[in-house]
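Beneath this line is the structure, given in structure tokens, with notes to follow.
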Amino acid sequence: MNDTVDKLVIFLAKRDGIDKLVKTFQYVSKLVNWHVEATHPNMAKRFKQWEVASGLSRKAFRTGRFLTGFNVLRRNPGSTHTLRLLAVLANAGEMVYFFFDHFLWLSRIGTIDANLARRMSFISAFGESVGYVFFIITDFIMLKEGLKAERKLKSSKEKSVEEEKGIQKIKAERIMRLMAVAANVADLIIALADIEPNPFCNHTVSLGISGLVSAWSGWYRNWPS
């Protein structure tokens, strides 16, 4: 079943681990910069440079990631009409995010017109936000279905080994989905800071904590078992 697109997606996904590590650097340095800016300006400048460099590096790592959403829709869009519709909306938003993020990166490093950065940032963040909203809805639907399936398995008075394994599998999937919800909510806050700047989303502490929640949730989900 693995064709060229499948192989390319698998290859690109191997960079998820380093992306989460560099994302941790990015948002830790953001918080440190904010904390020491008034008292140690020279140190704050160094951490600001680390934050910017980390952000640009992550954009380079994500080259071609828009193909992931395309491949999901090709291979496994969902088991019901509702899940298929949500998958289309969520992955379309994510594809817009990753695709225009390439141009944002190129504008910020000076390869193309730097004046395009703000427009590319808005389009990318808008697509990202749309994707996250529908990913979150999908995860809540799957969490609800998981709870129903678990209650059904637990209703048996004498559980077989397979039923016990099924319950454990559902619990493990629930943790992964909760981690995904946490990451998507955190990333949604970061995206909203670009789309509609406001005191809460744009506060350094909100952005820093959201970035770390997203990164560490991703660490948990991508860590080899």
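Labels for the structure tokens follow display order: chains A, B, ..., residues from 1 in each chain, ligands from 1.
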At most 10 Å is the cut-off: for each residue in stretch 125-149 of chain A with any atom that close to an atom of stretch 163-179 of chain A, write down the nearest atom pair and the distance in Å rounded to one decimal, counting only C-alpha atoms, chain first then increasing number, as a Markdown table.
```
| residue | atom | partner | partner_atom | distance |
| --- | --- | --- | --- | --- |
| A:Ile136 | CA | A:Arg177 | CA | 9.1 |
| A:Thr138 | CA | A:Arg177 | CA | 9.7 |
| A:Asp139 | CA | A:Arg177 | CA | 6.0 |
| A:Phe140 | CA | A:Arg177 | CA | 8.2 |
| A:Met142 | CA | A:Arg177 | CA | 8.2 |
| A:Leu143 | CA | A:Arg174 | CA | 6.3 |
| A:Lys144 | CA | A:Arg174 | CA | 9.6 |
| A:Glu145 | CA | A:Ile170 | CA | 9.8 |
| A:Gly146 | CA | A:Ile170 | CA | 6.1 |
| A:Leu147 | CA | A:Ile170 | CA | 8.1 |
| A:Ala149 | CA | A:Ile170 | CA | 8.0 |
```
Handout entry: Contact residues around A:Ser29 with only C-alpha atoms at 7 Å, ignoring same-chain residues under 5 positions, as a ChimeraX atom specification
Key = /A:47-48,50-51
Practice task
Show which residues sit within 12 Å of A:Val32, as a PyMOL selection string. Count only C-alpha atoms, and ignore same-chain residues fewer than 6 positions away.
Solution key: chain A and resi 25-26+38-41+43-51+204-205+208-209
Keeping N, CA, C and O atoms, export the residues of the selection given above as a PDB file, in the first residue's frame.
```
ATOM      1  N   PHE A  25      12.640  24.840  23.190  1.00  0.00           N
ATOM      2  CA  PHE A  25      13.656  25.912  23.237  1.00  0.00           C
ATOM      3  C   PHE A  25      13.013  27.267  22.942  1.00  0.00           C
ATOM      4  O   PHE A  25      13.292  28.258  23.625  1.00  0.00           O
ATOM      5  N   GLN A  26      12.156  27.305  21.917  1.00  0.00           N
ATOM      6  CA  GLN A  26      11.554  28.553  21.471  1.00  0.00           C
ATOM      7  C   GLN A  26      10.743  29.219  22.588  1.00  0.00           C
ATOM      8  O   GLN A  26      10.880  30.432  22.822  1.00  0.00           O
ATOM      9  N   ALA A  38      13.761  43.465  31.929  1.00  0.00           N
ATOM     10  CA  ALA A  38      13.931  44.725  32.655  1.00  0.00           C
ATOM     11  C   ALA A  38      15.217  44.770  33.464  1.00  0.00           C
ATOM     12  O   ALA A  38      15.829  45.832  33.601  1.00  0.00           O
ATOM     13  N   THR A  39      15.652  43.625  33.963  1.00  0.00           N
ATOM     14  CA  THR A  39      16.818  43.600  34.867  1.00  0.00           C
ATOM     15  C   THR A  39      18.120  43.235  34.171  1.00  0.00           C
ATOM     16  O   THR A  39      19.192  43.693  34.570  1.00  0.00           O
ATOM     17  N   HIS A  40      18.077  42.412  33.147  1.00  0.00           N
ATOM     18  CA  HIS A  40      19.282  41.975  32.436  1.00  0.00           C
ATOM     19  C   HIS A  40      19.050  42.073  30.923  1.00  0.00           C
ATOM     20  O   HIS A  40      18.853  41.052  30.245  1.00  0.00           O
ATOM     21  N   PRO A  41      19.074  43.285  30.372  1.00  0.00           N
ATOM     22  CA  PRO A  41      18.762  43.469  28.951  1.00  0.00           C
ATOM     23  C   PRO A  41      19.668  42.698  27.995  1.00  0.00           C
ATOM     24  O   PRO A  41      19.221  42.231  26.951  1.00  0.00           O
ATOM     25  N   MET A  43      21.197  39.796  28.550  1.00  0.00           N
ATOM     26  CA  MET A  43      20.774  38.395  28.593  1.00  0.00           C
ATOM     27  C   MET A  43      19.440  38.216  27.864  1.00  0.00           C
ATOM     28  O   MET A  43      19.244  37.240  27.128  1.00  0.00           O
ATOM     29  N   ALA A  44      18.540  39.184  28.051  1.00  0.00           N
ATOM     30  CA  ALA A  44      17.239  39.117  27.391  1.00  0.00           C
ATOM     31  C   ALA A  44      17.408  39.107  25.874  1.00  0.00           C
ATOM     32  O   ALA A  44      16.702  38.373  25.165  1.00  0.00           O
ATOM     33  N   LYS A  45      18.349  39.913  25.382  1.00  0.00           N
ATOM     34  CA  LYS A  45      18.595  39.972  23.934  1.00  0.00           C
ATOM     35  C   LYS A  45      19.049  38.614  23.405  1.00  0.00           C
ATOM     36  O   LYS A  45      18.627  38.174  22.330  1.00  0.00           O
ATOM     37  N   ARG A  46      19.909  37.927  24.165  1.00  0.00           N
ATOM     38  CA  ARG A  46      20.400  36.617  23.724  1.00  0.00           C
ATOM     39  C   ARG A  46      19.267  35.595  23.662  1.00  0.00           C
ATOM     40  O   ARG A  46      19.180  34.800  22.720  1.00  0.00           O
ATOM     41  N   PHE A  47      18.411  35.631  24.670  1.00  0.00           N
ATOM     42  CA  PHE A  47      17.296  34.685  24.669  1.00  0.00           C
ATOM     43  C   PHE A  47      16.282  35.015  23.579  1.00  0.00           C
ATOM     44  O   PHE A  47      15.660  34.107  23.015  1.00  0.00           O
ATOM     45  N   LYS A  48      16.139  36.319  23.264  1.00  0.00           N
ATOM     46  CA  LYS A  48      15.255  36.707  22.158  1.00  0.00           C
ATOM     47  C   LYS A  48      15.796  36.168  20.838  1.00  0.00           C
ATOM     48  O   LYS A  48      15.030  35.663  19.990  1.00  0.00           O
ATOM     49  N   GLN A  49      17.096  36.242  20.659  1.00  0.00           N
ATOM     50  CA  GLN A  49      17.716  35.712  19.440  1.00  0.00           C
ATOM     51  C   GLN A  49      17.530  34.199  19.346  1.00  0.00           C
ATOM     52  O   GLN A  49      17.304  33.651  18.265  1.00  0.00           O
ATOM     53  N   TRP A  50      17.626  33.514  20.503  1.00  0.00           N
ATOM     54  CA  TRP A  50      17.409  32.065  20.536  1.00  0.00           C
ATOM     55  C   TRP A  50      15.962  31.743  20.157  1.00  0.00           C
ATOM     56  O   TRP A  50      15.698  30.806  19.394  1.00  0.00           O
ATOM     57  N   GLU A  51      15.026  32.529  20.681  1.00  0.00           N
ATOM     58  CA  GLU A  51      13.615  32.325  20.360  1.00  0.00           C
ATOM     59  C   GLU A  51      13.356  32.470  18.859  1.00  0.00           C
ATOM     60  O   GLU A  51      12.707  31.614  18.238  1.00  0.00           O
ATOM     61  N   THR A 204       2.920  37.438  26.951  1.00  0.00           N
ATOM     62  CA  THR A 204       4.070  36.528  26.832  1.00  0.00           C
ATOM     63  C   THR A 204       3.877  35.249  27.636  1.00  0.00           C
ATOM     64  O   THR A 204       4.239  34.156  27.175  1.00  0.00           O
ATOM     65  N   VAL A 205       3.295  35.368  28.825  1.00  0.00           N
ATOM     66  CA  VAL A 205       3.087  34.185  29.667  1.00  0.00           C
ATOM     67  C   VAL A 205       2.087  33.233  29.008  1.00  0.00           C
ATOM     68  O   VAL A 205       2.303  32.011  28.978  1.00  0.00           O
ATOM     69  N   GLY A 208       3.889  31.664  26.065  1.00  0.00           N
ATOM     70  CA  GLY A 208       4.941  30.751  26.524  1.00  0.00           C
ATOM     71  C   GLY A 208       4.384  29.456  27.071  1.00  0.00           C
ATOM     72  O   GLY A 208       4.844  28.362  26.708  1.00  0.00           O
ATOM     73  N   ILE A 209       3.377  29.563  27.927  1.00  0.00           N
ATOM     74  CA  ILE A 209       2.779  28.362  28.519  1.00  0.00           C
ATOM     75  C   ILE A 209       2.068  27.538  27.443  1.00  0.00           C
ATOM     76  O   ILE A 209       2.179  26.308  27.412  1.00  0.00           O
TER      77      ILE A 209
END
```
Problem - Residue contacts of A:Phe100 (7 Å, only C-alpha atoms) excluding same-chain residues fewer than 6 positions away, as a PyMOL selection string - result: chain A and resi 120+123-124
How would the residues just picked look written out with all heavy atoms as a CSV table (one decimal), in the first residue's frame?
```csv
chain,number,residue,atom,x,y,z
A,120,MET,N,1.1,36.6,5.0
A,120,MET,CA,1.3,35.1,5.1
A,120,MET,C,1.0,34.6,6.5
A,120,MET,O,0.4,33.5,6.7
A,120,MET,CB,2.7,34.8,4.6
A,120,MET,CG,3.0,35.1,3.2
A,120,MET,SD,2.0,34.2,2.0
A,120,MET,CE,0.9,35.6,1.5
A,123,ILE,N,-2.9,34.4,7.0
A,123,ILE,CA,-3.5,33.3,6.2
A,123,ILE,C,-3.1,32.0,6.9
A,123,ILE,O,-4.0,31.1,7.1
A,123,ILE,CB,-3.1,33.4,4.8
A,123,ILE,CG1,-3.6,34.6,4.1
A,123,ILE,CG2,-3.6,32.1,4.0
A,123,ILE,CD1,-3.0,34.8,2.7
A,124,SER,N,-1.9,31.8,7.2
A,124,SER,CA,-1.4,30.6,7.8
A,124,SER,C,-2.1,30.4,9.2
A,124,SER,O,-2.6,29.3,9.5
A,124,SER,CB,0.1,30.7,8.0
A,124,SER,OG,0.6,29.5,8.7
```
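Of the residues under consideration (A:Phe126, A:Tyr132, A:Trp219, A:Phe70), A:Phe126 shows the shortest atom-to-atom contact distance to A:Tyr97 when counting only C-alpha atoms.
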Fill in the blank from the handout: Pairwise distance, atom CA of A:Pro199 with atom CA of A:Val133, equals 21.1 Å
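Nearest-residue note for A:Ala193: choosing from A:Gly131, A:Phe122, A:Lys148, A:Leu73, the minimum distance belongs to A:Phe122, counting only C-alpha atoms.
Residues with any atom within 8 Å of A:Leu104, counting only C-alpha atoms and excluding same-chain neighbours fewer than 3 positions away, are Phe100, Asp101, Ser107, Arg108, Leu116, Ala117, Arg118, Met120 and Ser121 of chain A.
You will find atom CA of A:Asn42 at 14.3 Å from atom CA of A:Lys30.
Nearest-residue note for A:Asn33: choosing from A:Val52, A:Val5, A:Ile141, A:Ile190, the minimum distance belongs to A:Val52, counting only C-alpha atoms.
Of the residues under consideration (A:Trp34, A:Tyr27, A:Asp6, A:Thr111), A:Asp6 shows the shortest atom-to-atom contact distance to A:Gly69 when counting only C-alpha atoms.
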Practice task
Would you please work out which residue, of A:Ser206, A:Ser79, A:Ser217, A:Thr63, is nearest to A:Leu31 when using only C-alpha atoms?
Solution key: A:Ser206
Practice task
From a DSSP pass on the backbone, collect the residues of stretch 27-201 of chain A flagged as helix (DSSP H, G or I) and hand them back as a ChimeraX atom specification.
Solution key: /A:27-36,41-61,66-75,81-108,114-154,161-195
Handout entry: Residues within 8 Å of A:Val213, only C-alpha atoms, excluding chain neighbours under 3 positions, as a list in words
Key = Ala182, Ala183, Ala186, Ile209, Ser210, Trp216 and Ser217 of chain A
With N, CA, C and O atoms retained, write the just-selected residues as a PDB file, in the first residue's frame.
```pdb
ATOM      1  N   ALA A 182      -5.299  19.009  24.385  1.00  0.00           N
ATOM      2  CA  ALA A 182      -4.480  20.002  25.091  1.00  0.00           C
ATOM      3  C   ALA A 182      -3.559  20.738  24.123  1.00  0.00           C
ATOM      4  O   ALA A 182      -3.444  21.968  24.155  1.00  0.00           O
ATOM      5  N   ALA A 183      -2.910  19.978  23.238  1.00  0.00           N
ATOM      6  CA  ALA A 183      -1.997  20.583  22.259  1.00  0.00           C
ATOM      7  C   ALA A 183      -2.752  21.484  21.293  1.00  0.00           C
ATOM      8  O   ALA A 183      -2.290  22.597  20.980  1.00  0.00           O
ATOM      9  N   ALA A 186      -3.908  24.720  22.998  1.00  0.00           N
ATOM     10  CA  ALA A 186      -2.742  25.587  23.204  1.00  0.00           C
ATOM     11  C   ALA A 186      -2.319  26.248  21.895  1.00  0.00           C
ATOM     12  O   ALA A 186      -2.052  27.458  21.847  1.00  0.00           O
ATOM     13  N   ILE A 209       3.377  29.563  27.927  1.00  0.00           N
ATOM     14  CA  ILE A 209       2.779  28.362  28.519  1.00  0.00           C
ATOM     15  C   ILE A 209       2.068  27.538  27.443  1.00  0.00           C
ATOM     16  O   ILE A 209       2.179  26.308  27.412  1.00  0.00           O
ATOM     17  N   SER A 210       1.359  28.205  26.538  1.00  0.00           N
ATOM     18  CA  SER A 210       0.667  27.495  25.463  1.00  0.00           C
ATOM     19  C   SER A 210       1.657  26.737  24.590  1.00  0.00           C
ATOM     20  O   SER A 210       1.422  25.580  24.218  1.00  0.00           O
ATOM     21  N   TRP A 216       5.062  19.731  24.864  1.00  0.00           N
ATOM     22  CA  TRP A 216       5.180  18.576  25.768  1.00  0.00           C
ATOM     23  C   TRP A 216       4.074  17.552  25.531  1.00  0.00           C
ATOM     24  O   TRP A 216       4.285  16.348  25.725  1.00  0.00           O
ATOM     25  N   SER A 217       2.885  18.004  25.116  1.00  0.00           N
ATOM     26  CA  SER A 217       1.834  17.056  24.721  1.00  0.00           C
ATOM     27  C   SER A 217       2.293  16.276  23.498  1.00  0.00           C
ATOM     28  O   SER A 217       2.063  15.071  23.384  1.00  0.00           O
TER      29      SER A 217
END
```
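Among A:Ser160, A:Asn202, A:Thr68, A:Thr80, the residue with the shortest atom-to-atom distance to A:Val9, counting only C-alpha atoms, is A:Thr68.
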If you take only C-alpha atoms and a cut-off of 10 Å, which residues of stretch 80-106 of chain A touch stretch 54-59 of chain A, and what are their nearest atom pairs and distances in Å to one decimal, in chain and number order, as CSV?
```
residue,atom,partner,partner_atom,distance
A:Phe98,CA,A:Lys59,CA,8.8
A:Asp101,CA,A:Lys59,CA,7.0
A:His102,CA,A:Lys59,CA,7.0
A:Phe103,CA,A:Lys59,CA,9.8
A:Leu104,CA,A:Lys59,CA,8.6
A:Trp105,CA,A:Lys59,CA,6.1
A:Leu106,CA,A:Lys59,CA,9.3
```
Let's have the selection written as a PDB file, in the first residue's frame, with C-alpha atoms.
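Heads up, here's the output in part_38.pdb:
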```pdb
ATOM      1  CA  PHE A  98       1.607  24.450   6.560  1.00  0.00           C
ATOM      2  CA  ASP A 101       3.917  28.859   6.500  1.00  0.00           C
ATOM      3  CA  HIS A 102       6.543  28.140   3.822  1.00  0.00           C
ATOM      4  CA  PHE A 103       6.071  31.646   2.394  1.00  0.00           C
ATOM      5  CA  LEU A 104       6.089  33.177   5.876  1.00  0.00           C
ATOM      6  CA  TRP A 105       9.454  31.518   6.514  1.00  0.00           C
ATOM      7  CA  LEU A 106      10.877  32.694   3.169  1.00  0.00           C
TER       8      LEU A 106
END
```
